[in-house]
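A.B. asks: Structure file query37.txt, compact mmCIF, C-alpha atoms, is pasted below:
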# COMPACT_ATOMS: atom_id res chain seq x y z
CA MET Y 115 282.09 4.20 201.34
CA ARG Y 116 278.44 5.08 200.70
CA SER Y 117 276.63 7.32 203.15
CA ASP Y 118 273.20 5.88 202.33
CA ILE Y 119 274.22 2.46 203.68
CA PRO Y 120 272.60 1.95 207.11
CA GLY Y 121 275.30 2.21 209.76
CA ASN Y 122 277.25 4.97 208.05
CA ASP Y 123 277.41 8.58 209.21
CA LYS Y 124 278.10 11.57 206.98
CA ILE Y 125 280.26 13.88 209.11
CA LYS Y 126 280.66 17.52 208.08
CA VAL Y 127 283.93 19.14 209.13
CA ARG Y 128 284.69 22.87 209.02
CA LEU Y 129 288.22 23.98 208.20
CA PHE Y 130 289.86 27.27 209.06
CA ALA Y 131 292.85 29.39 208.09
CA ILE Y 132 295.82 27.46 206.68
CA LEU Y 133 293.92 24.14 206.78
CA ARG Y 134 291.08 25.65 204.70
CA GLU Y 135 293.62 26.99 202.19
CA LEU Y 136 295.48 23.68 201.88
CA VAL Y 137 292.26 21.76 201.19
CA GLY Y 138 290.63 24.51 199.12
CA GLU Y 139 287.27 24.11 200.91
CA SER Y 140 285.85 25.59 204.10
CA GLU Y 141 283.80 22.46 204.75
CA ILE Y 142 284.37 18.82 203.86
CA THR Y 143 282.22 15.72 204.33
CA ILE Y 144 283.64 12.41 205.52
CA THR Y 145 281.57 9.22 205.51
CA LEU Y 146 282.40 6.74 208.27
CA PRO Y 147 280.69 3.95 210.22
CA LYS Y 148 278.47 5.13 213.09
CA GLY Y 149 280.08 5.34 216.51
CA ILE Y 150 283.48 6.58 215.34
CA THR Y 151 285.79 8.72 217.44
CA VAL Y 152 287.54 12.04 216.79
CA ASN Y 153 290.81 10.10 216.25
CA HIS Y 154 289.19 7.89 213.58
CA LEU Y 155 287.81 10.94 211.85
CA ASN Y 156 291.16 12.75 211.89
CA ASN Y 157 292.96 9.68 210.49
CA GLU Y 158 290.42 9.46 207.69
CA ILE Y 159 290.80 13.17 206.90
CA LEU Y 160 294.60 12.82 206.71
CA LYS Y 161 294.20 9.84 204.34
CA LYS Y 162 291.81 11.74 202.10
CA TYR Y 163 293.76 15.02 202.23
CA PRO Y 164 297.47 14.07 202.47
CA GLN Y 165 298.42 17.74 202.09
CA LEU Y 166 297.39 18.09 205.78
CA LYS Y 167 299.77 15.38 207.02
CA SER Y 168 302.57 17.80 207.90
CA PHE Y 169 300.03 19.61 210.11
CA SER Y 170 298.77 16.51 211.93
CA ASN Y 171 300.16 17.70 215.28
CA LYS Y 172 299.37 21.36 214.57
CA PHE Y 173 295.61 21.33 214.90
CA VAL Y 174 292.97 20.41 217.45
CA THR Y 175 289.44 19.21 216.84
CA SER Y 176 286.40 20.94 218.27
CA VAL Y 177 283.03 19.26 218.72
CA ASN Y 178 280.12 21.66 219.21
CA CYS Y 179 282.54 24.53 219.91
CA LYS Y 180 284.59 22.64 222.53
CA VAL Y 181 288.11 21.30 221.99
CA THR Y 182 287.66 17.58 222.40
CA ALA Y 183 289.75 14.50 223.27
CA GLY Y 184 290.54 11.97 220.55
CA ASN Y 185 288.44 9.20 222.10
CA THR Y 186 285.20 11.22 221.97
CA ILE Y 187 282.49 9.53 219.92
CA ILE Y 188 280.90 11.76 217.28
CA THR Y 189 277.80 11.67 215.08
CA SER Y 190 276.56 13.54 212.02
CA LYS Y 191 274.59 15.84 214.33
CA ASP Y 192 277.77 17.24 215.90
CA GLU Y 193 279.44 20.38 214.58
CA ILE Y 194 283.08 19.45 214.00
CA ALA Y 195 285.94 21.81 213.16
CA LEU Y 196 289.70 21.51 212.73
CA LEU Y 197 291.50 24.42 214.36
CA PRO Y 198 295.16 25.35 213.69
CA PRO Y 199 297.10 27.42 216.29
CA VAL Y 200 295.24 30.67 217.00
CA SER Y 201 296.70 34.16 216.60
CA GLY Y 202 293.95 36.72 217.17
CA GLY Y 203 294.17 40.16 218.72
CA MET B 143 279.05 42.98 225.04
CA ILE B 144 281.01 40.68 222.71
CA SER B 145 281.19 40.96 218.95
CA ILE B 146 283.11 39.54 216.00
CA THR B 147 282.45 41.87 213.08
CA ASN B 148 283.50 42.63 209.52
CA ASN B 149 282.90 46.33 210.08
CA PRO B 150 285.45 48.96 211.16
CA LEU B 151 285.48 49.36 214.95
CA ASN B 152 283.95 52.47 216.46
CA LEU B 153 285.45 53.70 219.72
CA GLN B 154 282.48 56.01 220.39
CA GLU B 155 280.10 53.04 220.25
CA ILE B 156 282.27 51.18 222.73
CA MET B 157 282.42 54.16 225.10
CA PHE B 158 278.62 54.36 224.91
CA GLU B 159 278.28 50.66 225.76
CA LEU B 160 280.60 51.08 228.77
CA GLU B 161 278.64 53.96 230.32
CA ASP B 162 277.83 53.20 233.95
CA ASN B 163 277.42 55.84 236.66
CA SER B 164 278.68 53.44 239.32
CA ALA B 165 282.00 52.99 237.48
CA GLY B 166 284.81 55.41 238.29
CA ALA B 167 287.30 53.82 235.92
CA LEU B 168 287.36 52.89 232.26
CA SER B 169 290.28 51.00 230.77
CA ILE B 170 290.45 50.59 227.02
CA PHE B 171 292.91 48.56 224.97
CA ILE B 172 293.11 49.25 221.24
CA GLY B 173 295.03 46.86 218.99
CA ASN B 174 296.13 48.26 215.62
CA VAL B 175 297.73 46.57 212.63
CA ARG B 176 301.40 47.58 212.48
CA ASN B 177 303.71 47.66 209.48
CA GLN B 178 306.08 44.97 210.75
CA GLY B 179 305.32 41.32 211.41
CA ARG B 180 307.32 38.19 212.12
CA SER B 181 307.84 37.73 208.40
CA GLY B 182 308.96 41.33 207.70
CA ASN B 183 307.04 44.24 206.22
CA VAL B 184 303.27 44.08 206.46
CA SER B 185 300.75 46.09 204.43
CA GLU B 186 297.61 44.50 205.83
CA ILE B 187 296.42 41.54 207.91
CA TYR B 188 293.65 39.16 207.01
CA TYR B 189 291.76 37.97 210.10
CA GLU B 190 289.54 34.88 210.07
CA ALA B 191 287.36 33.57 212.91
CA TYR B 192 285.27 30.59 213.84
CA SER B 193 282.75 33.17 214.98
CA GLU B 194 280.29 31.00 216.92
CA MET B 195 283.04 29.43 219.01
CA ALA B 196 285.03 32.68 219.26
CA GLU B 197 282.07 34.55 220.76
CA GLU B 198 281.42 31.67 223.16
CA LYS B 199 285.07 31.68 224.33
CA MET B 200 285.03 35.48 224.70
CA ARG B 201 281.90 35.26 226.87
CA GLU B 202 283.72 32.65 229.00
CA ILE B 203 286.63 35.10 229.45
CA GLU B 204 284.15 37.88 230.26
CA ILE B 205 282.64 35.81 233.09
CA GLU B 206 286.13 35.11 234.47
CA ALA B 207 286.92 38.83 234.44
CA GLN B 208 283.67 39.60 236.24
CA THR B 209 284.33 36.88 238.82
CA ASN B 210 287.97 37.83 239.43
CA TRP B 211 287.72 41.63 239.48
CA GLY B 212 284.03 42.43 239.94
CA ILE B 213 284.03 44.66 236.89
CA LYS B 214 280.88 46.53 235.89
CA LYS B 215 280.94 46.11 232.13
CA LEU B 216 283.09 44.57 229.43
CA VAL B 217 283.05 45.33 225.74
CA ALA B 218 285.21 43.20 223.42
CA PHE B 219 284.98 43.82 219.68
CA HIS B 220 287.23 41.96 217.22
CA ARG B 221 287.20 42.92 213.56
CA ILE B 222 287.82 40.25 210.92
CA GLY B 223 288.55 40.39 207.17
CA ASN B 224 291.31 42.48 205.57
CA ILE B 225 292.58 45.25 207.85
CA LYS B 226 295.18 47.76 206.68
CA VAL B 227 298.19 49.09 208.62
CA GLY B 228 297.05 51.70 211.13
CA GLU B 229 293.51 50.36 211.34
CA THR B 230 292.10 48.77 214.48
CA SER B 231 291.60 45.02 214.77
CA ILE B 232 290.46 44.80 218.39
CA ILE B 233 289.11 46.99 221.17
CA ILE B 234 288.68 45.78 224.75
CA GLY B 235 286.91 48.11 227.16
CA VAL B 236 286.36 47.51 230.87
CA SER B 237 284.52 49.63 233.41
CA SER B 238 284.87 49.17 237.15
CA GLU B 239 284.59 51.12 240.38
CA HIS B 240 288.34 51.73 240.67
CA ARG B 241 291.31 51.81 238.30
CA ASP B 242 293.24 48.74 239.47
CA GLU B 243 290.44 46.32 238.60
CA ALA B 244 289.90 48.00 235.23
CA PHE B 245 293.61 47.82 234.28
CA GLU B 246 294.05 44.23 235.43
CA ALA B 247 290.84 42.90 233.90
CA CYS B 248 291.56 44.61 230.59
CA LYS B 249 295.04 43.03 230.43
CA TYR B 250 293.61 39.63 231.37
CA VAL B 251 290.98 39.81 228.65
CA ILE B 252 293.32 40.80 225.80
CA ASN B 253 295.94 38.20 226.84
CA ASN B 254 293.31 35.47 226.93
CA VAL B 255 291.66 36.51 223.66
CA LYS B 256 295.06 36.04 222.02
CA THR B 257 295.52 32.48 223.30
CA ARG B 258 292.04 30.99 223.81
CA VAL B 259 289.83 32.32 221.03
CA PRO B 260 289.68 30.71 217.54
CA ILE B 261 290.81 33.67 215.44
CA TRP B 262 293.68 33.54 212.93
CA LYS B 263 295.70 36.17 211.14
CA LYS B 264 297.62 36.16 207.89
CA GLU B 265 300.28 38.81 207.39
CA ILE B 266 300.18 40.23 203.88
CA SER B 267 302.89 42.23 202.12
CA LYS B 268 303.64 42.99 198.48
CA GLU B 269 306.02 40.03 198.41
CA SER B 270 304.27 37.37 200.50
CA GLN B 271 301.36 36.13 202.57
CA LYS B 272 302.01 34.13 205.73
CA TRP B 273 299.75 32.77 208.48
CA ALA B 274 301.09 33.89 211.85
CA ASP B 275 302.46 31.30 214.28
CA GLY B 276 300.10 30.87 217.15
CA VAL B 277 298.97 28.86 220.12
CA LEU B 278 297.17 25.50 219.98
CA LEU B 279 293.84 25.66 221.79
CA GLU B 280 293.43 23.47 224.86
Take the structure from the file and write it as structure tokens.
C.D. replies:
Amino acid sequence: MRSDIPGNDKIKVRLFAILRELVGESEITITLPKGITVNHLNNEILKKYPQLKSFSNKFVTSVNCKVTAGNTIITSKDEIALLPPVSGG
Amino acid sequence: MISITNNPLNLQEIMFELEDNSAGALSIFIGNVRNQGRSGNVSEIYYEAYSEMAEEKMREIEIEAQTNWGIKKLVAFHRIGNIKVGETSIIIGVSSEHRDEAFEACKYVINNVKTRVPIWKKEISKESQKWADGVLLE
């Protein structure tokens, strides 16, 4: 899917901890039609990076630093991140 | 004052930040890396943070502590990167008029940092490296 086609959005997604290691990148770019939701994005990521499939229920998605519901619509201007279970302290 | 830093933590700096002549109590929690983890022996821990969001969440917890206990000042420093056994990964300092608020707010802050802030740790030993189990953010 080409990002220069009108109607497509290039979404940058930051990855952390085990998800970053499994993909081998701290940031990936996914191209999707405009007006997509967090759920669409996550499904596309799991298709493109099947090594994350066993973690599909072990991460949440943040949009602009807030954990966000799957039906939230996102754009290329949003800062998106996939966050595995936290363990700071 | 909230900070996620790659640098070793300095207790003197935190004490300085907490200075307040109207505070009769200071409560300080220091978290060190220990030589045992869930996966066995540990020689060091690698900490990683989503720093922008982590500092935002820590400020949110700070406001809750101020609202609930009327504390004077809060300092929360979390170190990230590779931290060896015996070194400090986190210091939480709270000043308040009296000791009960300082103790309770300090406990509240460290408990909430562990479950609400996007920071991850990987336990490292000679034999293995393993990301710690944790809590999914809500």
A.B. asks: Output as a tab-separated table one row per residue of chain Y within 6 Å of chain B: the closest atom pair and its distance in Å to one decimal place, counting only C-alpha atoms, sorted by chain and residue number ascending.
C.D. replies:
residue	atom	partner	partner_atom	distance
Y:Cys179	CA	B:Met195	CA	5.0
Y:Pro199	CA	B:Leu278	CA	4.2
Y:Val200	CA	B:Gly276	CA	4.9
Y:Ser201	CA	B:Gly276	CA	4.8
Y:Gly202	CA	B:Ile261	CA	4.7
Y:Gly203	CA	B:Lys256	CA	5.4
A.B. asks: Between CA of Lys172 in chain Y and CA of Glu135 in chain Y, measure the distance and give it in Å to one decimal.
C.D. replies: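 Interatomic distance, CA of Lys172 in chain Y to CA of Glu135 in chain Y: 14.8 Å.
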A.B. asks: Which is closest to Phe245 in chain B among B:Leu153, B:Val184, B:Ala218, B:Leu168, if we use only C-alpha atoms?
C.D. replies: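 The closest residue to Phe245 in chain B is B:Leu168.
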A.B. asks: Counting all atoms listed in the file, which of B:Gly228, B:Glu269, B:Met143, B:Lys214 gets nearest to Ala165 in chain B?
C.D. replies: B:Lys214
A.B. asks: Please identify all polymer residues within 7 Å of Val217 in chain B, counting only C-alpha atoms, omitting same-chain residues fewer than 4 positions from it, and present them as a PDB file with C-alpha atoms, in the coordinates of the input.
C.D. replies:
ATOM      1  CA  MET B 143     279.050  42.980 225.040  1.00  0.00           C
ATOM      2  CA  ILE B 144     281.010  40.680 222.710  1.00  0.00           C
ATOM      3  CA  ILE B 156     282.270  51.180 222.730  1.00  0.00           C
ATOM      4  CA  LEU B 160     280.600  51.080 228.770  1.00  0.00           C
ATOM      5  CA  ILE B 234     288.680  45.780 224.750  1.00  0.00           C
ATOM      6  CA  GLY B 235     286.910  48.110 227.160  1.00  0.00           C
ATOM      7  CA  VAL B 236     286.360  47.510 230.870  1.00  0.00           C
TER       8      VAL B 236
END
A.B. asks: What is the distance between CA of Ile159 in chain Y and CA of Gly138 in chain Y, in Å to one decimal?
C.D. replies: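 CA of Ile159 in chain Y sits 13.8 Å away from CA of Gly138 in chain Y.
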A.B. asks: Using all atoms listed in the file, which residues sit within 12 Å of Asn156 in chain Y once same-chain residues fewer than 2 positions away are excluded, as an NGL selection string?
C.D. replies: :Y and (125 or 127 or 144 or 146 or 150-154 or 158-164 or 166-167 or 169-171 or 173-176 or 183-186 or 188 or 194-197)
A.B. asks: Using CA of Ile205 in chain B and CA of Ile187 in chain Y as the two end points, give the distance in Å to one decimal.
C.D. replies: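 Straight-line distance from CA of Ile205 in chain B to CA of Ile187 in chain Y works out to 29.4 Å.
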A.B. asks: Compare B:Ala167, B:Ala207, B:Ile266, B:Val227 by their minimum atom-to-atom distance to Asp242 in chain B, counting all atoms listed in the file, and give me the closest one.
C.D. replies: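 So, comparing all the options, the nearest one is B:Ala167.
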A.B. asks: If we count only C-alpha atoms, what is near Glu186 in chain B at a cut-off of 7 Å, once residues fewer than 6 positions away on the same chain are taken out, given as a PyMOL selection string?
C.D. replies: chain B and resi 224-227+265-267
A.B. asks: Given the point (296.1, 21.5, 203.7) in the file's coordinates, find the residues that have an atom at most 6 Å from it, counting all atoms listed in the file, and give them as a PyMOL selection string.
C.D. replies: chain Y and resi 133+136-137+165-166
A.B. asks: Which of these residues is nearest to Ile146 in chain B, using only C-alpha atoms: B:Phe158, B:Thr209, B:Glu197, B:Lys215?
C.D. replies: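 The closest residue to Ile146 in chain B is B:Glu197.
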A.B. asks: If we count only C-alpha atoms, what is near Val177 in chain Y at a cut-off of 7 Å, once residues fewer than 3 positions away on the same chain are taken out, given as a PyMOL selection string?
C.D. replies: chain Y and resi 180-182+192-195
A.B. asks: Using all atoms listed in the file, which residues sit within 9 Å of Ala244 in chain B once same-chain residues fewer than 4 positions away are excluded, as a ChimeraX atom specification?
C.D. replies: /B:167-170,211,213,235-240,248-249
A.B. asks: With C-alpha atoms retained, export the selected residues as a JSON list (two decimals), keeping the file's coordinate frame.
C.D. replies:
[["chain", "number", "residue", "atom", "x", "y", "z"],
["B", 167, "ALA", "CA", 287.30, 53.82, 235.92],
["B", 168, "LEU", "CA", 287.36, 52.89, 232.26],
["B", 169, "SER", "CA", 290.28, 51.00, 230.77],
["B", 170, "ILE", "CA", 290.45, 50.59, 227.02],
["B", 211, "TRP", "CA", 287.72, 41.63, 239.48],
["B", 213, "ILE", "CA", 284.03, 44.66, 236.89],
["B", 235, "GLY", "CA", 286.91, 48.11, 227.16],
["B", 236, "VAL", "CA", 286.36, 47.51, 230.87],
["B", 237, "SER", "CA", 284.52, 49.63, 233.41],
["B", 238, "SER", "CA", 284.87, 49.17, 237.15],
["B", 239, "GLU", "CA", 284.59, 51.12, 240.38],
["B", 240, "HIS", "CA", 288.34, 51.73, 240.67],
["B", 248, "CYS", "CA", 291.56, 44.61, 230.59],
["B", 249, "LYS", "CA", 295.04, 43.03, 230.43]]
